[in-house]
file run.pdb (PDB, C-alpha atoms, pLDDT in the B column)
ATOM      1  CA  MET A 279       0.000   0.000   0.000  1.00 93.00           C
ATOM      2  CA  ASP A 280       1.096   3.553  -0.676  1.00 97.00           C
ATOM      3  CA  TYR A 281       0.853   6.327   1.898  1.00 98.00           C
ATOM      4  CA  VAL A 282       0.289  10.067   1.944  1.00 98.00           C
ATOM      5  CA  THR A 283       1.508  11.645   5.169  1.00 98.00           C
ATOM      6  CA  LEU A 284       1.225  14.817   7.189  1.00 98.00           C
ATOM      7  CA  ASP A 285       3.787  14.915   9.991  1.00 98.00           C
ATOM      8  CA  ASN A 286       4.267  17.063  13.066  1.00 98.00           C
ATOM      9  CA  PHE A 287       1.377  19.459  12.399  1.00 98.00           C
ATOM     10  CA  LYS A 288       1.296  21.853  15.356  1.00 98.00           C
ATOM     11  CA  ILE A 289      -2.195  23.057  16.235  1.00 97.00           C
ATOM     12  CA  SER A 290      -3.804  24.584  19.307  1.00 90.00           C
ATOM     13  CA  GLY A 291      -7.136  23.721  20.833  1.00 89.00           C
ATOM     14  CA  VAL A 292      -9.130  23.591  24.048  1.00 86.00           C
ATOM     15  CA  HIS A 293      -9.165  19.856  24.700  1.00 80.00           C
ATOM     16  CA  GLY A 294      -8.710  17.853  27.887  1.00 78.00           C
ATOM     17  CA  HIS A 295     -10.424  16.167  30.785  1.00 80.00           C
ATOM     18  CA  HIS A 296      -9.220  18.352  33.645  1.00 71.00           C
ATOM     19  CA  GLU A 297     -10.979  21.598  34.512  1.00 72.00           C
ATOM     20  CA  HIS A 298      -7.840  23.706  33.960  1.00 70.00           C
ATOM     21  CA  GLU A 299      -7.605  22.277  30.402  1.00 69.00           C
ATOM     22  CA  ARG A 300     -11.161  23.338  29.575  1.00 79.00           C
ATOM     23  CA  HIS A 301     -10.397  27.071  29.573  1.00 77.00           C
ATOM     24  CA  VAL A 302      -7.065  27.519  27.824  1.00 83.00           C
ATOM     25  CA  GLU A 303      -5.678  26.477  24.459  1.00 85.00           C
ATOM     26  CA  GLN A 304      -2.937  23.886  24.497  1.00 91.00           C
ATOM     27  CA  GLU A 305      -0.515  22.949  21.759  1.00 93.00           C
ATOM     28  CA  PHE A 306      -0.903  19.551  20.104  1.00 96.00           C
ATOM     29  CA  GLU A 307       1.081  17.749  17.452  1.00 98.00           C
ATOM     30  CA  VAL A 308      -0.838  15.698  14.881  1.00 98.00           C
ATOM     31  CA  SER A 309       0.597  13.260  12.356  1.00 98.00           C
ATOM     32  CA  LEU A 310      -1.360  11.342   9.721  1.00 98.00           C
ATOM     33  CA  LYS A 311      -0.469   8.330   7.587  1.00 98.00           C
ATOM     34  CA  VAL A 312      -3.135   7.681   4.961  1.00 98.00           C
ATOM     35  CA  GLY A 313      -3.076   4.413   3.047  1.00 98.00           C
ATOM     36  CA  CYS A 314      -4.182   4.826  -0.553  1.00 97.00           C
ATOM     37  CA  ASP A 315      -3.308   3.913  -4.111  1.00 96.00           C
ATOM     38  CA  ILE A 316      -1.203   6.680  -5.646  1.00 96.00           C
ATOM     39  CA  ILE A 317      -0.021   4.829  -8.748  1.00 96.00           C
ATOM     40  CA  ALA A 318      -2.271   6.960 -10.976  1.00 95.00           C
ATOM     41  CA  ALA A 319      -0.885  10.177  -9.439  1.00 96.00           C
ATOM     42  CA  GLY A 320       2.663   8.977  -9.983  1.00 96.00           C
ATOM     43  CA  LYS A 321       1.913   8.483 -13.667  1.00 97.00           C
ATOM     44  CA  SER A 322      -0.367  11.463 -14.338  1.00 97.00           C
ATOM     45  CA  ASP A 323       1.304  14.118 -12.160  1.00 98.00           C
ATOM     46  CA  LYS A 324      -2.240  15.412 -11.457  1.00 97.00           C
ATOM     47  CA  LEU A 325      -3.541  16.388  -8.012  1.00 95.00           C
ATOM     48  CA  PRO A 326      -7.013  14.818  -8.478  1.00 94.00           C
ATOM     49  CA  ASP A 327      -5.327  11.403  -8.646  1.00 96.00           C
ATOM     50  CA  THR A 328      -4.135  11.561  -5.050  1.00 97.00           C
ATOM     51  CA  ILE A 329      -5.226  12.751  -1.615  1.00 97.00           C
ATOM     52  CA  ASP A 330      -4.492  16.461  -1.346  1.00 97.00           C
ATOM     53  CA  PHE A 331      -2.281  17.545   1.581  1.00 97.00           C
ATOM     54  CA  ASP A 332      -4.525  20.607   1.971  1.00 98.00           C
ATOM     55  CA  PHE A 333      -7.508  18.268   2.513  1.00 98.00           C
ATOM     56  CA  LEU A 334      -5.601  16.510   5.313  1.00 98.00           C
ATOM     57  CA  ARG A 335      -4.581  19.757   6.998  1.00 98.00           C
ATOM     58  CA  SER A 336      -8.004  21.392   6.707  1.00 98.00           C
ATOM     59  CA  SER A 337      -9.721  18.236   7.995  1.00 98.00           C
ATOM     60  CA  VAL A 338      -7.556  18.278  11.132  1.00 98.00           C
ATOM     61  CA  GLU A 339      -8.166  22.006  11.609  1.00 98.00           C
ATOM     62  CA  SER A 340     -11.910  21.593  11.190  1.00 97.00           C
ATOM     63  CA  VAL A 341     -12.167  18.810  13.765  1.00 97.00           C
ATOM     64  CA  PHE A 342      -9.910  20.660  16.213  1.00 92.00           C
ATOM     65  CA  LYS A 343     -11.934  23.859  16.012  1.00 91.00           C
ATOM     66  CA  ASP A 344     -15.408  22.288  15.734  1.00 87.00           C
ATOM     67  CA  ARG A 345     -15.783  21.509  19.425  1.00 90.00           C
ATOM     68  CA  SER A 346     -13.887  20.929  22.649  1.00 90.00           C
ATOM     69  CA  TYR A 347     -13.027  17.291  23.396  1.00 90.00           C
ATOM     70  CA  TYR A 348     -12.432  15.708  26.785  1.00 89.00           C
ATOM     71  CA  LEU A 349     -10.299  12.892  25.367  1.00 92.00           C
ATOM     72  CA  VAL A 350      -7.684  12.894  22.611  1.00 95.00           C
ATOM     73  CA  GLU A 351      -8.961   9.401  21.777  1.00 96.00           C
ATOM     74  CA  THR A 352     -12.269  10.897  20.612  1.00 96.00           C
ATOM     75  CA  LEU A 353     -10.458  13.686  18.801  1.00 97.00           C
ATOM     76  CA  ALA A 354      -8.380  11.078  16.928  1.00 98.00           C
ATOM     77  CA  GLU A 355     -11.497   9.078  16.020  1.00 98.00           C
ATOM     78  CA  ASP A 356     -13.204  12.146  14.566  1.00 98.00           C
ATOM     79  CA  ILE A 357     -10.104  13.065  12.545  1.00 98.00           C
ATOM     80  CA  ALA A 358      -9.932   9.506  11.179  1.00 98.00           C
ATOM     81  CA  THR A 359     -13.620   9.612  10.258  1.00 98.00           C
ATOM     82  CA  ALA A 360     -13.181  12.954   8.468  1.00 98.00           C
ATOM     83  CA  ILE A 361     -10.223  11.694   6.409  1.00 98.00           C
ATOM     84  CA  LEU A 362     -11.989   8.445   5.512  1.00 98.00           C
ATOM     85  CA  THR A 363     -14.739  10.462   3.814  1.00 97.00           C
ATOM     86  CA  ASP A 364     -12.338  10.581   0.863  1.00 97.00           C
ATOM     87  CA  ALA A 365     -13.075   7.286  -0.920  1.00 95.00           C
ATOM     88  CA  ARG A 366      -9.413   6.963  -1.923  1.00 96.00           C
ATOM     89  CA  ALA A 367      -8.376   6.683   1.734  1.00 98.00           C
ATOM     90  CA  LYS A 368      -8.346   2.987   2.630  1.00 98.00           C
ATOM     91  CA  GLU A 369      -6.558   3.244   5.967  1.00 98.00           C
ATOM     92  CA  ILE A 370      -5.506   6.006   8.313  1.00 98.00           C
ATOM     93  CA  THR A 371      -3.190   6.225  11.279  1.00 98.00           C
ATOM     94  CA  VAL A 372      -3.678   9.295  13.456  1.00 98.00           C
ATOM     95  CA  SER A 373      -1.140  10.298  16.092  1.00 98.00           C
ATOM     96  CA  ILE A 374      -1.945  13.084  18.552  1.00 98.00           C
ATOM     97  CA  LYS A 375       0.509  14.335  21.184  1.00 98.00           C
ATOM     98  CA  LYS A 376      -0.238  16.844  23.942  1.00 95.00           C
ATOM     99  CA  LEU A 377       2.974  18.846  23.989  1.00 95.00           C
ATOM    100  CA  ALA A 378       2.670  20.982  27.120  1.00 87.00           C
ATOM    101  CA  VAL A 379       1.286  18.608  29.753  1.00 87.00           C
ATOM    102  CA  TRP A 380       4.504  17.600  31.511  1.00 91.00           C
ATOM    103  CA  PRO A 381       8.089  18.828  31.353  1.00 93.00           C
ATOM    104  CA  ASP A 382       9.528  15.299  31.216  1.00 97.00           C
ATOM    105  CA  ALA A 383       7.143  13.333  28.966  1.00 97.00           C
ATOM    106  CA  VAL A 384       4.690  13.767  26.082  1.00 97.00           C
ATOM    107  CA  PRO A 385       1.375  11.895  26.348  1.00 96.00           C
ATOM    108  CA  GLY A 386      -0.604  10.977  23.269  1.00 97.00           C
ATOM    109  CA  VAL A 387      -2.515   8.386  21.292  1.00 98.00           C
ATOM    110  CA  ILE A 388      -2.079   6.553  18.021  1.00 98.00           C
ATOM    111  CA  ILE A 389      -5.021   4.910  16.275  1.00 98.00           C
ATOM    112  CA  THR A 390      -5.336   3.073  12.967  1.00 98.00           C
ATOM    113  CA  ARG A 391      -8.677   2.715  11.207  1.00 98.00           C
ATOM    114  CA  THR A 392      -9.519   1.048   7.921  1.00 97.00           C
ATOM    115  CA  ARG A 393     -12.414   1.308   5.543  1.00 87.00           C
TER
END
call {"tool": "encode", "arguments": {"input": "run.pdb", "output": "structure tokens"}}
result
Amino acid sequence: MDYVTLDNFKISGVHGHHEHERHVEQEFEVSLKVGCDIIAAGKSDKLPDTIDFDFLRSSVESVFKDRSYYLVETLAEDIATAILTDARAKEITVSIKKLAVWPDAVPGVIITRTR
């Protein structure tokens, strides 16, 4: 399988379980790995034959800004669902890291979903 990726996308949002997280934006890092067939794009050199990076970025932004999530697990699920609306996406791995929680570790989740 081929993959289109978006790595280390820094984005802020008001997401978290704890009360202090519900009132201030935090920085997150999102990475996507989208399984798809890009043979046609490699031959045609045409954007419609692949999954557009702008679609990936705007999908993440839309989910992040749409509402406030208590869990990054739910945030990751909604991002995966949004990306899988593109019929060319057969599989997606979503990684979300909360960058400013602790000074000595970075918590996060990684999920993989298939169509």
call {"tool": "residues_around", "arguments": {"input": "run.pdb", "residues": "segment 343-349 of chain A", "least_positions_apart": "5", "cutoff": "12 Å", "atoms": "only C-alpha atoms", "output": "number ranges by chain"}}
result
A: 289-304, 336-338, 354-357, 374-376, 385-387
call {"tool": "resolve_selection", "arguments": {"input": "run.pdb", "expression": "the PyMOL selection byres ((chain A and resi 327) around 12)", "output": "list of chain:residue names"}}
result
A:Cys314, A:Asp315, A:Ile316, A:Ile317, A:Ala318, A:Ala319, A:Gly320, A:Lys321, A:Ser322, A:Asp323, A:Lys324, A:Leu325, A:Pro326, A:Thr328, A:Ile329, A:Asp330, A:Asp364, A:Ala365, A:Arg366, A:Ala367
call {"tool": "closest_residue", "arguments": {"input": "run.pdb", "among": "A:Val384, A:Val372, A:Val341, A:Ala360", "to": "Lys311 of chain A", "atoms": "only C-alpha atoms"}}
result
A:Val372
call {"tool": "axis_aligned_box", "arguments": {"input": "run.pdb", "around": "segment 289-305 of chain A", "padding_each_side": "6 Å", "output": "lines of an AutoDock Vina configuration file"}}
result
center_x = -5.8
center_y = 21.8
center_z = 25.4
size_x = 22.6
size_y = 23.4
size_z = 30.3
call {"tool": "resolve_selection", "arguments": {"input": "run.pdb", "expression": "the PyMOL selection byres ((chain A and resi 287) around 10)", "output": "PyMOL selection string"}}
result
chain A and resi 284-286+288-289+306-310+335+338-339+374
call {"tool": "closest_residue", "arguments": {"input": "run.pdb", "among": "A:Asp280, A:Ser373, A:Trp380, A:Asp332", "to": "Glu351 of chain A", "atoms": "only C-alpha atoms"}}
result
A:Ser373
call {"tool": "closest_residue", "arguments": {"input": "run.pdb", "among": "A:Phe331, A:Gly313, A:Glu305, A:Pro381", "to": "Glu369 of chain A", "atoms": "all atoms listed in the file"}}
result
A:Gly313
call {"tool": "atom_distance", "arguments": {"input": "run.pdb", "atom1": "atom CA of Lys368 of chain A", "atom2": "atom CA of Ser340 of chain A"}}
result
20.8 Å
call {"tool": "atom_distance", "arguments": {"input": "run.pdb", "atom1": "atom CA of Asp382 of chain A", "atom2": "atom CA of Val350 of chain A"}}
result
19.4 Å
call {"tool": "atom_distance", "arguments": {"input": "run.pdb", "atom1": "atom CA of Phe342 of chain A", "atom2": "atom CA of Thr392 of chain A"}}
result
21.3 Å
call {"tool": "closest_residue", "arguments": {"input": "run.pdb", "among": "A:Leu334, A:Met279, A:Val312, A:Leu377", "to": "Ile389 of chain A", "atoms": "only C-alpha atoms"}}
result
A:Val312
call {"tool": "decode", "arguments": {"input": "run.pdb", "residues": "segment 336-352 of chain A", "atoms": "all heavy atoms", "output": "mmCIF file, in the first residue's frame"}}
result
data_model
loop_
_atom_site.group_PDB
_atom_site.id
_atom_site.type_symbol
_atom_site.label_atom_id
_atom_site.label_comp_id
_atom_site.auth_asym_id
_atom_site.auth_seq_id
_atom_site.Cartn_x
_atom_site.Cartn_y
_atom_site.Cartn_z
ATOM 1 N N SER A 336 -6.738 20.712 6.405
ATOM 2 C CA SER A 336 -8.004 21.392 6.707
ATOM 3 C C SER A 336 -8.958 20.471 7.476
ATOM 4 O O SER A 336 -9.741 20.958 8.304
ATOM 5 C CB SER A 336 -8.664 21.927 5.441
ATOM 6 O OG SER A 336 -9.052 20.878 4.594
ATOM 7 N N SER A 337 -8.886 19.175 7.238
ATOM 8 C CA SER A 337 -9.721 18.236 7.995
ATOM 9 C C SER A 337 -9.332 18.239 9.466
ATOM 10 O O SER A 337 -10.195 18.262 10.351
ATOM 11 C CB SER A 337 -9.596 16.824 7.424
ATOM 12 O OG SER A 337 -10.124 16.761 6.126
ATOM 13 N N VAL A 338 -8.030 18.222 9.745
ATOM 14 C CA VAL A 338 -7.556 18.278 11.132
ATOM 15 C C VAL A 338 -7.995 19.595 11.767
ATOM 16 O O VAL A 338 -8.532 19.615 12.881
ATOM 17 C CB VAL A 338 -6.026 18.116 11.212
ATOM 18 C CG1 VAL A 338 -5.514 18.401 12.622
ATOM 19 C CG2 VAL A 338 -5.608 16.719 10.754
ATOM 20 N N GLU A 339 -7.781 20.696 11.072
ATOM 21 C CA GLU A 339 -8.166 22.006 11.609
ATOM 22 C C GLU A 339 -9.657 22.072 11.909
ATOM 23 O O GLU A 339 -10.060 22.582 12.960
ATOM 24 C CB GLU A 339 -7.788 23.117 10.626
ATOM 25 C CG GLU A 339 -6.313 23.376 10.556
ATOM 26 C CD GLU A 339 -5.931 24.394 9.485
ATOM 27 O OE1 GLU A 339 -6.657 24.519 8.470
ATOM 28 O OE2 GLU A 339 -4.904 25.052 9.674
ATOM 29 N N SER A 340 -10.460 21.559 11.010
ATOM 30 C CA SER A 340 -11.910 21.593 11.190
ATOM 31 C C SER A 340 -12.344 20.812 12.427
ATOM 32 O O SER A 340 -13.152 21.298 13.233
ATOM 33 C CB SER A 340 -12.588 21.035 9.945
ATOM 34 O OG SER A 340 -13.975 21.019 10.110
ATOM 35 N N VAL A 341 -11.814 19.617 12.594
ATOM 36 C CA VAL A 341 -12.167 18.810 13.765
ATOM 37 C C VAL A 341 -11.674 19.482 15.042
ATOM 38 O O VAL A 341 -12.404 19.546 16.038
ATOM 39 C CB VAL A 341 -11.601 17.369 13.637
ATOM 40 C CG1 VAL A 341 -11.777 16.595 14.929
ATOM 41 C CG2 VAL A 341 -12.272 16.636 12.479
ATOM 42 N N PHE A 342 -10.474 20.018 15.019
ATOM 43 C CA PHE A 342 -9.910 20.660 16.213
ATOM 44 C C PHE A 342 -10.726 21.865 16.652
ATOM 45 O O PHE A 342 -10.868 22.123 17.846
ATOM 46 C CB PHE A 342 -8.459 21.093 15.951
ATOM 47 C CG PHE A 342 -7.453 20.260 16.673
ATOM 48 C CD1 PHE A 342 -7.090 19.024 16.175
ATOM 49 C CD2 PHE A 342 -6.870 20.697 17.848
ATOM 50 C CE1 PHE A 342 -6.167 18.235 16.825
ATOM 51 C CE2 PHE A 342 -5.944 19.926 18.515
ATOM 52 C CZ PHE A 342 -5.591 18.690 18.001
ATOM 53 N N LYS A 343 -11.232 22.616 15.699
ATOM 54 C CA LYS A 343 -11.934 23.859 16.012
ATOM 55 C C LYS A 343 -13.439 23.685 16.156
ATOM 56 O O LYS A 343 -14.124 24.573 16.641
ATOM 57 C CB LYS A 343 -11.637 24.909 14.935
ATOM 58 C CG LYS A 343 -10.158 25.199 14.745
ATOM 59 C CD LYS A 343 -9.487 25.680 16.018
ATOM 60 C CE LYS A 343 -8.003 25.944 15.779
ATOM 61 N NZ LYS A 343 -7.297 26.357 16.972
ATOM 62 N N ASP A 344 -13.966 22.528 15.738
ATOM 63 C CA ASP A 344 -15.408 22.288 15.734
ATOM 64 C C ASP A 344 -16.004 22.251 17.138
ATOM 65 O O ASP A 344 -17.089 22.762 17.369
ATOM 66 C CB ASP A 344 -15.706 20.978 14.994
ATOM 67 C CG ASP A 344 -17.182 20.754 14.787
ATOM 68 O OD1 ASP A 344 -17.884 21.731 14.459
ATOM 69 O OD2 ASP A 344 -17.641 19.609 14.947
ATOM 70 N N ARG A 345 -15.293 21.617 18.053
ATOM 71 C CA ARG A 345 -15.783 21.509 19.425
ATOM 72 C C ARG A 345 -14.615 21.225 20.354
ATOM 73 O O ARG A 345 -13.503 20.977 19.911
ATOM 74 C CB ARG A 345 -16.840 20.410 19.543
ATOM 75 C CG ARG A 345 -16.327 19.016 19.231
ATOM 76 C CD ARG A 345 -17.403 17.967 19.425
ATOM 77 N NE ARG A 345 -17.103 17.154 20.595
ATOM 78 C CZ ARG A 345 -17.266 15.845 20.635
ATOM 79 N NH1 ARG A 345 -17.754 15.191 19.608
ATOM 80 N NH2 ARG A 345 -16.970 15.167 21.708
ATOM 81 N N SER A 346 -14.894 21.240 21.641
ATOM 82 C CA SER A 346 -13.887 20.929 22.649
ATOM 83 C C SER A 346 -14.067 19.472 23.085
ATOM 84 O O SER A 346 -15.176 19.059 23.436
ATOM 85 C CB SER A 346 -14.051 21.857 23.852
ATOM 86 O OG SER A 346 -13.074 21.590 24.818
ATOM 87 N N TYR A 347 -12.994 18.706 23.048
ATOM 88 C CA TYR A 347 -13.027 17.291 23.396
ATOM 89 C C TYR A 347 -12.438 17.065 24.784
ATOM 90 O O TYR A 347 -11.481 17.735 25.167
ATOM 91 C CB TYR A 347 -12.206 16.477 22.391
ATOM 92 C CG TYR A 347 -12.804 16.425 21.013
ATOM 93 C CD1 TYR A 347 -12.593 17.447 20.093
ATOM 94 C CD2 TYR A 347 -13.582 15.343 20.616
ATOM 95 C CE1 TYR A 347 -13.140 17.397 18.825
ATOM 96 C CE2 TYR A 347 -14.139 15.283 19.343
ATOM 97 C CZ TYR A 347 -13.911 16.311 18.457
ATOM 98 O OH TYR A 347 -14.459 16.252 17.208
ATOM 99 N N TYR A 348 -13.000 16.114 25.505
ATOM 100 C CA TYR A 348 -12.432 15.708 26.785
ATOM 101 C C TYR A 348 -11.254 14.759 26.593
ATOM 102 O O TYR A 348 -10.295 14.803 27.348
ATOM 103 C CB TYR A 348 -13.500 15.039 27.663
ATOM 104 C CG TYR A 348 -14.467 16.021 28.267
ATOM 105 C CD1 TYR A 348 -15.677 16.285 27.646
ATOM 106 C CD2 TYR A 348 -14.170 16.700 29.436
ATOM 107 C CE1 TYR A 348 -16.572 17.197 28.175
ATOM 108 C CE2 TYR A 348 -15.051 17.621 29.986
ATOM 109 C CZ TYR A 348 -16.250 17.871 29.349
ATOM 110 O OH TYR A 348 -17.129 18.781 29.870
ATOM 111 N N LEU A 349 -11.334 13.901 25.582
ATOM 112 C CA LEU A 349 -10.299 12.892 25.367
ATOM 113 C C LEU A 349 -9.673 13.028 23.980
ATOM 114 O O LEU A 349 -10.392 13.207 22.986
ATOM 115 C CB LEU A 349 -10.884 11.479 25.498
ATOM 116 C CG LEU A 349 -11.490 11.100 26.844
ATOM 117 C CD1 LEU A 349 -12.109 9.710 26.772
ATOM 118 C CD2 LEU A 349 -10.444 11.169 27.947
ATOM 119 N N VAL A 350 -8.345 12.880 23.912
ATOM 120 C CA VAL A 350 -7.684 12.894 22.611
ATOM 121 C C VAL A 350 -8.053 11.649 21.813
ATOM 122 O O VAL A 350 -7.986 11.653 20.579
ATOM 123 C CB VAL A 350 -6.150 13.047 22.725
ATOM 124 C CG1 VAL A 350 -5.787 14.435 23.221
ATOM 125 C CG2 VAL A 350 -5.529 11.974 23.567
ATOM 126 N N GLU A 351 -8.502 10.600 22.478
ATOM 127 C CA GLU A 351 -8.961 9.401 21.777
ATOM 128 C C GLU A 351 -10.155 9.728 20.872
ATOM 129 O O GLU A 351 -10.219 9.285 19.722
ATOM 130 C CB GLU A 351 -9.346 8.308 22.778
ATOM 131 C CG GLU A 351 -8.184 7.698 23.528
ATOM 132 C CD GLU A 351 -7.757 8.464 24.784
ATOM 133 O OE1 GLU A 351 -8.164 9.629 24.977
ATOM 134 O OE2 GLU A 351 -6.992 7.890 25.593
ATOM 135 N N THR A 352 -11.097 10.505 21.388
ATOM 136 C CA THR A 352 -12.269 10.897 20.612
ATOM 137 C C THR A 352 -11.876 11.865 19.502
ATOM 138 O O THR A 352 -12.379 11.771 18.373
ATOM 139 C CB THR A 352 -13.336 11.541 21.522
ATOM 140 O OG1 THR A 352 -13.552 10.706 22.652
ATOM 141 C CG2 THR A 352 -14.646 11.742 20.787
#
